[in-house]
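**Student:** Have a look at this one.
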Amino acid sequence: MSDHFDLFVIGGGSAGVRCARIAAGHGVRVGVAEERFWGGTCVNVGCVPKKLLVMASDYGAMPQDARGFGWDIPAGSHDWSALLANKDREIGRLNGIYRRLLDGAGAAVFEARATFVDAHTLDVGGRRVTAERIVVAVGGRPLRPAFPGAEHCIISDDAFFLPERPRRVAIIGGGYIAVEFAGIFSGLGSEVHLVMRQDLPLRGFDEDLRTALAEALDAQGMHLHRGARIAEVAAEDGTRRVRLADGTVLEADLVFAAIGRTPNVDGLGLERAGVMCDGFGAVCVDAHNRTNVAHIYAIGDVTDRLNLTPVATAEGHALADALFGPGPRVWALDTVATAVFSSPPLATVGLTETQAAARGPADIYCTRFTAMRHALTGRPRKTFMKLVVDQQTQVVLGAHMLGEDAPEIMQGLSIAINCGATKADFDRTVGIHPTAAEEFVTLRTQTRLVGQAEAAE
Ligand SMILES: Cc1cc2nc3c(=O)[nH]c(=O)nc-3n(C[C@H](O)[C@H](O)[C@H](O)COP(=O)(O)OP(=O)(O)OC[C@H]3O[C@@H](n4cnc5c(N)ncnc54)[C@H](O)[C@@H]3O)c2cc1C
């Protein structure tokens, strides 16, 4: 194997594998190093195993739900070890696919850690390689908390390998990973405490959606601790005691800190290559993923912009095409739909009401209803939907939904919004009946008008 490459990619996650594979397909000499697991966070400790666990938890309510439809299914018990073994088997299969994609494209694959020696030279597991161009695709890692007793907490990487399901779990954080795991553990039968610094989960999402989610979590019996700060976590005889700043003490078998993620740049040697990072460790790049060093690029979570798998793969693909292929591929990165696989799930695309109001007058359309299924299950579950519309142009700026199938529904809506669809386009679209999705094309009555004062100034 030659030690000199046209392109060397550090990191075999979503961004790195796509970039290396597409570049190798363009006929250049490509090397790629992965120190831990092919497919990176998404495949191993992120989207994929998380969604499998969410699916497992969905079955928890089914025996009870089915009663309303005439079934008599005994509640049964759940085998956590069986679930994890099946999950591991599926992840192993996906690891193999990722690795084979690279081999098949002709990339040189290194199962080792890569670090910068200088701007063109890398140490890859003790071996020196050089490259004309280098791509940093090292992703992110979960932050560990700093409060006293933090060593008694797990982080999201650990949650996928727990030897047993905790009977009582305290999850610290209000972001998407925290609420997703709250739903997973609750659906499987655990007592869940969600300890959030804010009053509502999911900072940055539409306020109505955040409120609807908090109500839904409450309604299914989770314990929400709002505006809470951790004073200390203590461990005694297998029990964890979480003391909040207001003196409240929670007892749990497991404390899960889901307090955020940080770019994975420690020890990478970026300074030896002269690559600049921001104050939070994210590699600084321009709109074409170029760093301040002409031949070094960064893609995916290490740039800490939109930390989502499809964005990471889009960046990797676009960069490989721009450098060696037909030219940059254009993606609509300003209107990326995103989902949270909470229970119930939610999904969103485009502007929130607050963002739209800051730009000018916007018509807001909302609806909240009991989904057909729950008319019979009797579960207190509401579906919430919202459209944010520019009042002057009538262009739909944002769509938000909480309720079953929201992620599946939002993918289609994101195409309409990317195409600049107006409210009139939604209105003349004939619905599919009976579905929840049809509500998005039958929202006739404006709920409120926002952003007027700002527009008048
Ligand atoms: C619990 C969880 C759930 C998530 N759910 C979703 C979801 O539902 N939908 C979604 O779109 N996104 C989700 N994400 C985010 C998604 O996983 C990331 O956006 C995506 O994986 C980023 O890809 P990446 O290639 O930038 O980084 P990564 O996938 O993290 O890949 C980076 C790779 O680089 C390797 N590496 C690091 N340093 C070195 C080195 N020096 N040498 C060699 N290799 C190195 C790492 O081992 C890793 O494999 C989730 C993340 C988490 C943690």
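Just remember, in the structure tokens the first chain shown is A, the second B, etc., residues are 1-based per chain, and ligands are 1-based in the order shown.
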Check which residues fall inside 6 Å of ligand 1 when counting only C-alpha atoms and all ligand atoms, and print them as a tab-separated table (two decimals) with N, CA and C atoms, in the first residue's frame.
**Tutor:**
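Result file follows (part_32.tsv):
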```tsv
chain	number	residue	atom	x	y	z
A	10	ILE	N	-9.76	11.54	7.80
A	10	ILE	CA	-9.62	11.09	9.20
A	10	ILE	C	-11.02	10.92	9.77
A	11	GLY	N	-11.41	9.69	10.02
A	11	GLY	CA	-12.73	9.40	10.59
A	11	GLY	C	-13.61	8.65	9.61
A	12	GLY	N	-14.08	7.48	10.06
A	12	GLY	CA	-14.93	6.64	9.20
A	12	GLY	C	-16.37	6.65	9.63
A	13	GLY	N	-16.89	7.87	9.94
A	13	GLY	CA	-18.30	8.01	10.29
A	13	GLY	C	-19.11	8.39	9.05
A	14	SER	N	-20.30	8.95	9.28
A	14	SER	CA	-21.20	9.28	8.17
A	14	SER	C	-20.51	10.18	7.15
A	15	ALA	N	-19.85	11.24	7.63
A	15	ALA	CA	-19.24	12.21	6.73
A	15	ALA	C	-18.01	11.62	6.03
A	16	GLY	N	-17.13	10.99	6.82
A	16	GLY	CA	-15.86	10.50	6.29
A	16	GLY	C	-16.04	9.37	5.29
A	33	ALA	N	-8.93	6.63	7.72
A	33	ALA	CA	-8.60	5.99	9.01
A	33	ALA	C	-9.80	6.06	9.94
A	34	GLU	N	-10.07	4.95	10.62
A	34	GLU	CA	-11.13	4.91	11.64
A	34	GLU	C	-10.56	4.21	12.86
A	35	GLU	N	-10.66	4.88	14.01
A	35	GLU	CA	-10.02	4.31	15.20
A	35	GLU	C	-10.94	3.41	16.02
A	36	ARG	N	-12.27	3.49	15.78
A	36	ARG	CA	-13.17	2.82	16.72
A	36	ARG	C	-14.20	1.93	16.05
A	37	PHE	N	-15.03	2.50	15.19
A	37	PHE	CA	-16.09	1.69	14.57
A	37	PHE	C	-16.52	2.31	13.25
A	38	TRP	N	-16.60	1.46	12.20
A	38	TRP	CA	-17.03	1.95	10.89
A	38	TRP	C	-18.48	2.38	10.95
A	40	GLY	N	-19.26	5.18	12.36
A	40	GLY	CA	-19.20	6.25	13.35
A	40	GLY	C	-20.35	6.27	14.34
A	41	THR	N	-20.65	7.45	14.82
A	41	THR	CA	-21.66	7.64	15.87
A	41	THR	C	-23.02	7.13	15.42
A	42	CYS	N	-23.45	7.53	14.24
A	42	CYS	CA	-24.81	7.23	13.78
A	42	CYS	C	-25.08	5.73	13.83
A	45	VAL	N	-23.48	4.31	18.00
A	45	VAL	CA	-23.98	4.84	19.28
A	45	VAL	C	-24.87	6.06	19.05
A	46	GLY	N	-25.59	6.06	17.95
A	46	GLY	CA	-26.44	7.21	17.63
A	46	GLY	C	-27.74	6.79	17.00
A	47	CYS	N	-28.03	7.38	15.84
A	47	CYS	CA	-29.34	7.26	15.21
A	47	CYS	C	-29.86	5.83	15.12
A	112	ALA	N	-7.15	2.48	12.54
A	112	ALA	CA	-6.18	3.07	13.47
A	112	ALA	C	-6.53	4.54	13.69
A	113	ARG	N	-5.93	5.09	14.74
A	113	ARG	CA	-6.11	6.52	15.00
A	113	ARG	C	-5.14	7.31	14.14
A	114	ALA	N	-5.61	8.41	13.57
A	114	ALA	CA	-4.74	9.28	12.77
A	114	ALA	C	-4.57	10.61	13.49
A	115	THR	N	-3.34	11.11	13.51
A	115	THR	CA	-3.09	12.44	14.09
A	115	THR	C	-2.16	13.21	13.16
A	137	ALA	N	-12.81	14.52	9.63
A	137	ALA	CA	-14.22	14.08	9.78
A	137	ALA	C	-14.33	13.26	11.06
A	138	VAL	N	-13.81	13.84	12.16
A	138	VAL	CA	-13.69	13.07	13.41
A	138	VAL	C	-14.93	13.15	14.30
A	139	GLY	N	-15.94	13.90	13.88
A	139	GLY	CA	-17.22	13.90	14.60
A	139	GLY	C	-17.16	14.58	15.95
A	140	GLY	N	-18.07	14.14	16.82
A	140	GLY	CA	-18.16	14.71	18.17
A	140	GLY	C	-18.18	13.61	19.20
A	156	SER	N	-24.23	9.00	26.74
A	156	SER	CA	-25.04	8.27	25.75
A	156	SER	C	-24.30	7.08	25.14
A	177	ILE	N	-31.41	13.96	22.82
A	177	ILE	CA	-30.96	12.64	23.29
A	177	ILE	C	-31.62	12.33	24.64
A	268	LEU	N	-5.68	15.58	18.40
A	268	LEU	CA	-5.64	15.36	16.95
A	268	LEU	C	-4.44	16.07	16.31
A	300	GLY	N	-18.96	17.43	8.67
A	300	GLY	CA	-19.72	16.72	9.71
A	300	GLY	C	-19.68	17.42	11.06
A	301	ASP	N	-19.92	16.64	12.10
A	301	ASP	CA	-20.12	17.19	13.45
A	301	ASP	C	-18.92	17.95	13.99
A	302	VAL	N	-17.73	17.67	13.46
A	302	VAL	CA	-16.55	18.35	14.01
A	302	VAL	C	-16.61	19.86	13.73
A	307	ASN	N	-25.73	19.26	13.40
A	307	ASN	CA	-25.14	17.96	13.72
A	307	ASN	C	-26.14	16.83	13.46
A	308	LEU	N	-26.29	16.50	12.20
A	308	LEU	CA	-27.22	15.47	11.77
A	308	LEU	C	-26.53	14.60	10.72
A	309	THR	N	-26.87	13.32	10.73
A	309	THR	CA	-26.25	12.41	9.78
A	309	THR	C	-26.44	12.82	8.31
A	310	PRO	N	-27.67	13.13	7.88
A	310	PRO	CA	-27.81	13.46	6.46
A	310	PRO	C	-27.02	14.71	6.06
A	312	ALA	N	-24.08	15.51	7.47
A	312	ALA	CA	-22.68	15.04	7.42
A	312	ALA	C	-22.42	14.32	6.10
```
**Student:** Which of segment 3-96 of chain A counts as strand (DSSP E) under DSSP, as a PDB file with all heavy atoms, in the first residue's frame please?
**Tutor:**
```
ATOM      1  N   HIS A   4       1.400   7.552   0.095  1.00  0.00           N
ATOM      2  CA  HIS A   4       1.042   8.909  -0.325  1.00  0.00           C
ATOM      3  C   HIS A   4      -0.318   8.885  -1.016  1.00  0.00           C
ATOM      4  O   HIS A   4      -0.586   8.034  -1.865  1.00  0.00           O
ATOM      5  CB  HIS A   4       2.088   9.504  -1.266  1.00  0.00           C
ATOM      6  CG  HIS A   4       1.773  10.935  -1.593  1.00  0.00           C
ATOM      7  ND1 HIS A   4       1.918  11.951  -0.682  1.00  0.00           N
ATOM      8  CD2 HIS A   4       1.258  11.494  -2.717  1.00  0.00           C
ATOM      9  CE1 HIS A   4       1.523  13.087  -1.228  1.00  0.00           C
ATOM     10  NE2 HIS A   4       1.124  12.839  -2.465  1.00  0.00           N
ATOM     11  N   PHE A   5      -1.178   9.812  -0.638  1.00  0.00           N
ATOM     12  CA  PHE A   5      -2.556   9.814  -1.145  1.00  0.00           C
ATOM     13  C   PHE A   5      -2.913  11.174  -1.733  1.00  0.00           C
ATOM     14  O   PHE A   5      -2.359  12.199  -1.336  1.00  0.00           O
ATOM     15  CB  PHE A   5      -3.539   9.502   0.005  1.00  0.00           C
ATOM     16  CG  PHE A   5      -3.338   8.123   0.571  1.00  0.00           C
ATOM     17  CD1 PHE A   5      -2.491   7.919   1.651  1.00  0.00           C
ATOM     18  CD2 PHE A   5      -3.965   7.027   0.004  1.00  0.00           C
ATOM     19  CE1 PHE A   5      -2.283   6.648   2.165  1.00  0.00           C
ATOM     20  CE2 PHE A   5      -3.768   5.747   0.509  1.00  0.00           C
ATOM     21  CZ  PHE A   5      -2.916   5.555   1.588  1.00  0.00           C
ATOM     22  N   ASP A   6      -3.862  11.132  -2.672  1.00  0.00           N
ATOM     23  CA  ASP A   6      -4.432  12.397  -3.153  1.00  0.00           C
ATOM     24  C   ASP A   6      -5.309  13.000  -2.054  1.00  0.00           C
ATOM     25  O   ASP A   6      -5.371  14.212  -1.889  1.00  0.00           O
ATOM     26  CB  ASP A   6      -5.294  12.151  -4.403  1.00  0.00           C
ATOM     27  CG  ASP A   6      -4.455  11.631  -5.561  1.00  0.00           C
ATOM     28  OD1 ASP A   6      -3.406  12.237  -5.834  1.00  0.00           O
ATOM     29  OD2 ASP A   6      -4.832  10.596  -6.146  1.00  0.00           O
ATOM     30  N   LEU A   7      -6.009  12.097  -1.341  1.00  0.00           N
ATOM     31  CA  LEU A   7      -6.908  12.557  -0.285  1.00  0.00           C
ATOM     32  C   LEU A   7      -6.820  11.580   0.883  1.00  0.00           C
ATOM     33  O   LEU A   7      -6.904  10.365   0.676  1.00  0.00           O
ATOM     34  CB  LEU A   7      -8.353  12.563  -0.806  1.00  0.00           C
ATOM     35  CG  LEU A   7      -9.412  13.020   0.193  1.00  0.00           C
ATOM     36  CD1 LEU A   7      -9.408  14.537   0.307  1.00  0.00           C
ATOM     37  CD2 LEU A   7     -10.805  12.551  -0.227  1.00  0.00           C
ATOM     38  N   PHE A   8      -6.673  12.116   2.092  1.00  0.00           N
ATOM     39  CA  PHE A   8      -6.744  11.253   3.268  1.00  0.00           C
ATOM     40  C   PHE A   8      -7.856  11.764   4.175  1.00  0.00           C
ATOM     41  O   PHE A   8      -7.915  12.958   4.496  1.00  0.00           O
ATOM     42  CB  PHE A   8      -5.414  11.202   4.035  1.00  0.00           C
ATOM     43  CG  PHE A   8      -5.355  10.005   4.944  1.00  0.00           C
ATOM     44  CD1 PHE A   8      -4.739   8.830   4.529  1.00  0.00           C
ATOM     45  CD2 PHE A   8      -5.980  10.038   6.195  1.00  0.00           C
ATOM     46  CE1 PHE A   8      -4.728   7.701   5.346  1.00  0.00           C
ATOM     47  CE2 PHE A   8      -5.975   8.922   7.010  1.00  0.00           C
ATOM     48  CZ  PHE A   8      -5.349   7.746   6.589  1.00  0.00           C
ATOM     49  N   VAL A   9      -8.746  10.857   4.569  1.00  0.00           N
ATOM     50  CA  VAL A   9      -9.893  11.223   5.408  1.00  0.00           C
ATOM     51  C   VAL A   9      -9.678  10.671   6.813  1.00  0.00           C
ATOM     52  O   VAL A   9      -9.458   9.461   6.976  1.00  0.00           O
ATOM     53  CB  VAL A   9     -11.206  10.652   4.816  1.00  0.00           C
ATOM     54  CG1 VAL A   9     -12.386  11.040   5.695  1.00  0.00           C
ATOM     55  CG2 VAL A   9     -11.419  11.151   3.390  1.00  0.00           C
ATOM     56  N   ILE A  10      -9.756  11.541   7.804  1.00  0.00           N
ATOM     57  CA  ILE A  10      -9.624  11.089   9.204  1.00  0.00           C
ATOM     58  C   ILE A  10     -11.021  10.921   9.775  1.00  0.00           C
ATOM     59  O   ILE A  10     -11.747  11.888   9.975  1.00  0.00           O
ATOM     60  CB  ILE A  10      -8.844  12.113  10.059  1.00  0.00           C
ATOM     61  CG1 ILE A  10      -7.534  12.504   9.377  1.00  0.00           C
ATOM     62  CG2 ILE A  10      -8.570  11.535  11.447  1.00  0.00           C
ATOM     63  CD1 ILE A  10      -6.762  13.595  10.126  1.00  0.00           C
ATOM     64  N   VAL A  30      -7.227   7.342  -2.378  1.00  0.00           N
ATOM     65  CA  VAL A  30      -7.853   7.793  -1.129  1.00  0.00           C
ATOM     66  C   VAL A  30      -7.470   6.854   0.019  1.00  0.00           C
ATOM     67  O   VAL A  30      -7.502   5.630  -0.133  1.00  0.00           O
ATOM     68  CB  VAL A  30      -9.401   7.798  -1.258  1.00  0.00           C
ATOM     69  CG1 VAL A  30     -10.062   8.180   0.068  1.00  0.00           C
ATOM     70  CG2 VAL A  30      -9.847   8.756  -2.362  1.00  0.00           C
ATOM     71  N   GLY A  31      -7.104   7.450   1.155  1.00  0.00           N
ATOM     72  CA  GLY A  31      -6.925   6.672   2.384  1.00  0.00           C
ATOM     73  C   GLY A  31      -7.935   7.153   3.410  1.00  0.00           C
ATOM     74  O   GLY A  31      -8.333   8.326   3.398  1.00  0.00           O
ATOM     75  N   VAL A  32      -8.386   6.246   4.279  1.00  0.00           N
ATOM     76  CA  VAL A  32      -9.319   6.657   5.332  1.00  0.00           C
ATOM     77  C   VAL A  32      -8.975   5.886   6.606  1.00  0.00           C
ATOM     78  O   VAL A  32      -8.723   4.684   6.556  1.00  0.00           O
ATOM     79  CB  VAL A  32     -10.793   6.452   4.895  1.00  0.00           C
ATOM     80  CG1 VAL A  32     -11.073   5.059   4.396  1.00  0.00           C
ATOM     81  CG2 VAL A  32     -11.770   6.795   6.015  1.00  0.00           C
ATOM     82  N   ALA A  33      -8.932   6.627   7.723  1.00  0.00           N
ATOM     83  CA  ALA A  33      -8.603   5.995   9.009  1.00  0.00           C
ATOM     84  C   ALA A  33      -9.796   6.065   9.944  1.00  0.00           C
ATOM     85  O   ALA A  33     -10.451   7.110  10.059  1.00  0.00           O
ATOM     86  CB  ALA A  33      -7.414   6.707   9.653  1.00  0.00           C
TER      87      ALA A  33
END
```
**Student:** Can you pull out every residue from segment 133-293 of chain A that DSSP, working from the backbone, puts in alpha helix (DSSP H), and format the result as a PyMOL selection string?
**Tutor:** chain A and resi 156-159+176-187+207-219+270-273
**Student:** Of the candidates A:Val48, A:Ala170, A:Ala258, A:Ala273, which shows the shortest atom-to-atom distance to Val242 of chain A, using only C-alpha atoms?
**Tutor:** A:Ala170
**Student:** Any idea what's packed within 7 Å of Ile154 of chain A, counting only C-alpha atoms, ignoring anything in its chain fewer than 2 positions away? Could you give it as a short mmCIF file (atom, residue, chain, number, x, y, z; two decimals) with N, CA, C and O atoms, in the first residue's frame?
**Tutor:**
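Written output follows (part14.cif):
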```
data_model
loop_
_atom_site.label_atom_id
_atom_site.label_comp_id
_atom_site.auth_asym_id
_atom_site.auth_seq_id
_atom_site.Cartn_x
_atom_site.Cartn_y
_atom_site.Cartn_z
N HIS A 152 -20.43 9.02 38.73
CA HIS A 152 -21.50 8.03 38.91
C HIS A 152 -22.53 8.07 37.77
O HIS A 152 -23.55 7.37 37.85
N SER A 156 -24.23 9.00 26.74
CA SER A 156 -25.04 8.27 25.75
C SER A 156 -24.30 7.08 25.14
O SER A 156 -24.92 6.05 24.85
N ASP A 158 -22.56 4.96 26.61
CA ASP A 158 -22.71 3.81 27.51
C ASP A 158 -24.12 3.23 27.46
O ASP A 158 -24.32 2.04 27.73
N VAL A 255 -28.01 7.09 36.55
CA VAL A 255 -28.08 8.51 36.21
C VAL A 255 -27.40 8.69 34.85
O VAL A 255 -26.25 8.27 34.67
N PHE A 256 -28.12 9.26 33.94
CA PHE A 256 -27.68 9.37 32.56
C PHE A 256 -27.53 10.86 32.27
O PHE A 256 -28.51 11.60 32.26
N ALA A 257 -26.29 11.28 32.04
CA ALA A 257 -26.05 12.70 31.73
C ALA A 257 -26.07 12.88 30.22
O ALA A 257 -25.19 12.37 29.51
#
```
**Student:** Quick one: pull the distance between atom CA of Gly27 of chain A and atom CA of Leu102 of chain A, Å, one decimal.
**Tutor:**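 We find that atom CA of Gly27 of chain A and atom CA of Leu102 of chain A lie 12.9 Å from each other.
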**Student:** Which residue is closest to Glu404 of chain A? Choose from A:His317, A:Arg329, A:His374, A:His26 and count only C-alpha atoms.
**Tutor:**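 Of the candidates, the smallest distance to Glu404 of chain A is held by A:His374.
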**Student:** Would you mind reading off the distance between atom CA of Gln391 of chain A and atom CA of Ala362 of chain A, one decimal, in Å?
**Tutor:** 4.7 Å
**Student:** When you look at Thr262 of chain A with a cut-off of 8 Å (counting only C-alpha atoms), what residues show up, excluding the ones that are within fewer than 6 positions of it in the same chain? I need them as an MDAnalysis selection string.
**Tutor:** chainID A and resid 140:143 280:282 302 304
**Student:** Any chance you could export the current selection's N, CA and C atoms as a PDB file, in the first residue's frame?
**Tutor:**
```pdb
ATOM      1  N   GLY A 140     -18.067  14.138  16.824  1.00  0.00           N
ATOM      2  CA  GLY A 140     -18.155  14.714  18.166  1.00  0.00           C
ATOM      3  C   GLY A 140     -18.184  13.606  19.198  1.00  0.00           C
ATOM      4  N   ARG A 141     -18.202  14.010  20.463  1.00  0.00           N
ATOM      5  CA  ARG A 141     -18.310  13.024  21.546  1.00  0.00           C
ATOM      6  C   ARG A 141     -19.187  13.625  22.647  1.00  0.00           C
ATOM      7  N   PRO A 142     -19.797  12.753  23.468  1.00  0.00           N
ATOM      8  CA  PRO A 142     -20.673  13.284  24.527  1.00  0.00           C
ATOM      9  C   PRO A 142     -19.852  14.026  25.578  1.00  0.00           C
ATOM     10  N   LEU A 143     -20.402  15.136  26.064  1.00  0.00           N
ATOM     11  CA  LEU A 143     -19.764  15.878  27.153  1.00  0.00           C
ATOM     12  C   LEU A 143     -19.982  15.139  28.467  1.00  0.00           C
ATOM     13  N   PHE A 280     -15.095  26.660  21.127  1.00  0.00           N
ATOM     14  CA  PHE A 280     -15.680  25.406  21.613  1.00  0.00           C
ATOM     15  C   PHE A 280     -15.020  24.179  20.976  1.00  0.00           C
ATOM     16  N   GLY A 281     -13.931  24.394  20.244  1.00  0.00           N
ATOM     17  CA  GLY A 281     -13.205  23.264  19.662  1.00  0.00           C
ATOM     18  C   GLY A 281     -13.687  22.858  18.288  1.00  0.00           C
ATOM     19  N   ALA A 282     -14.708  23.544  17.749  1.00  0.00           N
ATOM     20  CA  ALA A 282     -15.194  23.190  16.412  1.00  0.00           C
ATOM     21  C   ALA A 282     -14.233  23.723  15.360  1.00  0.00           C
ATOM     22  N   VAL A 302     -17.732  17.671  13.462  1.00  0.00           N
ATOM     23  CA  VAL A 302     -16.548  18.352  14.007  1.00  0.00           C
ATOM     24  C   VAL A 302     -16.615  19.858  13.729  1.00  0.00           C
ATOM     25  N   ASP A 304     -19.513  21.419  14.065  1.00  0.00           N
ATOM     26  CA  ASP A 304     -20.555  21.822  15.024  1.00  0.00           C
ATOM     27  C   ASP A 304     -21.521  22.866  14.463  1.00  0.00           C
TER      28      ASP A 304
END
```
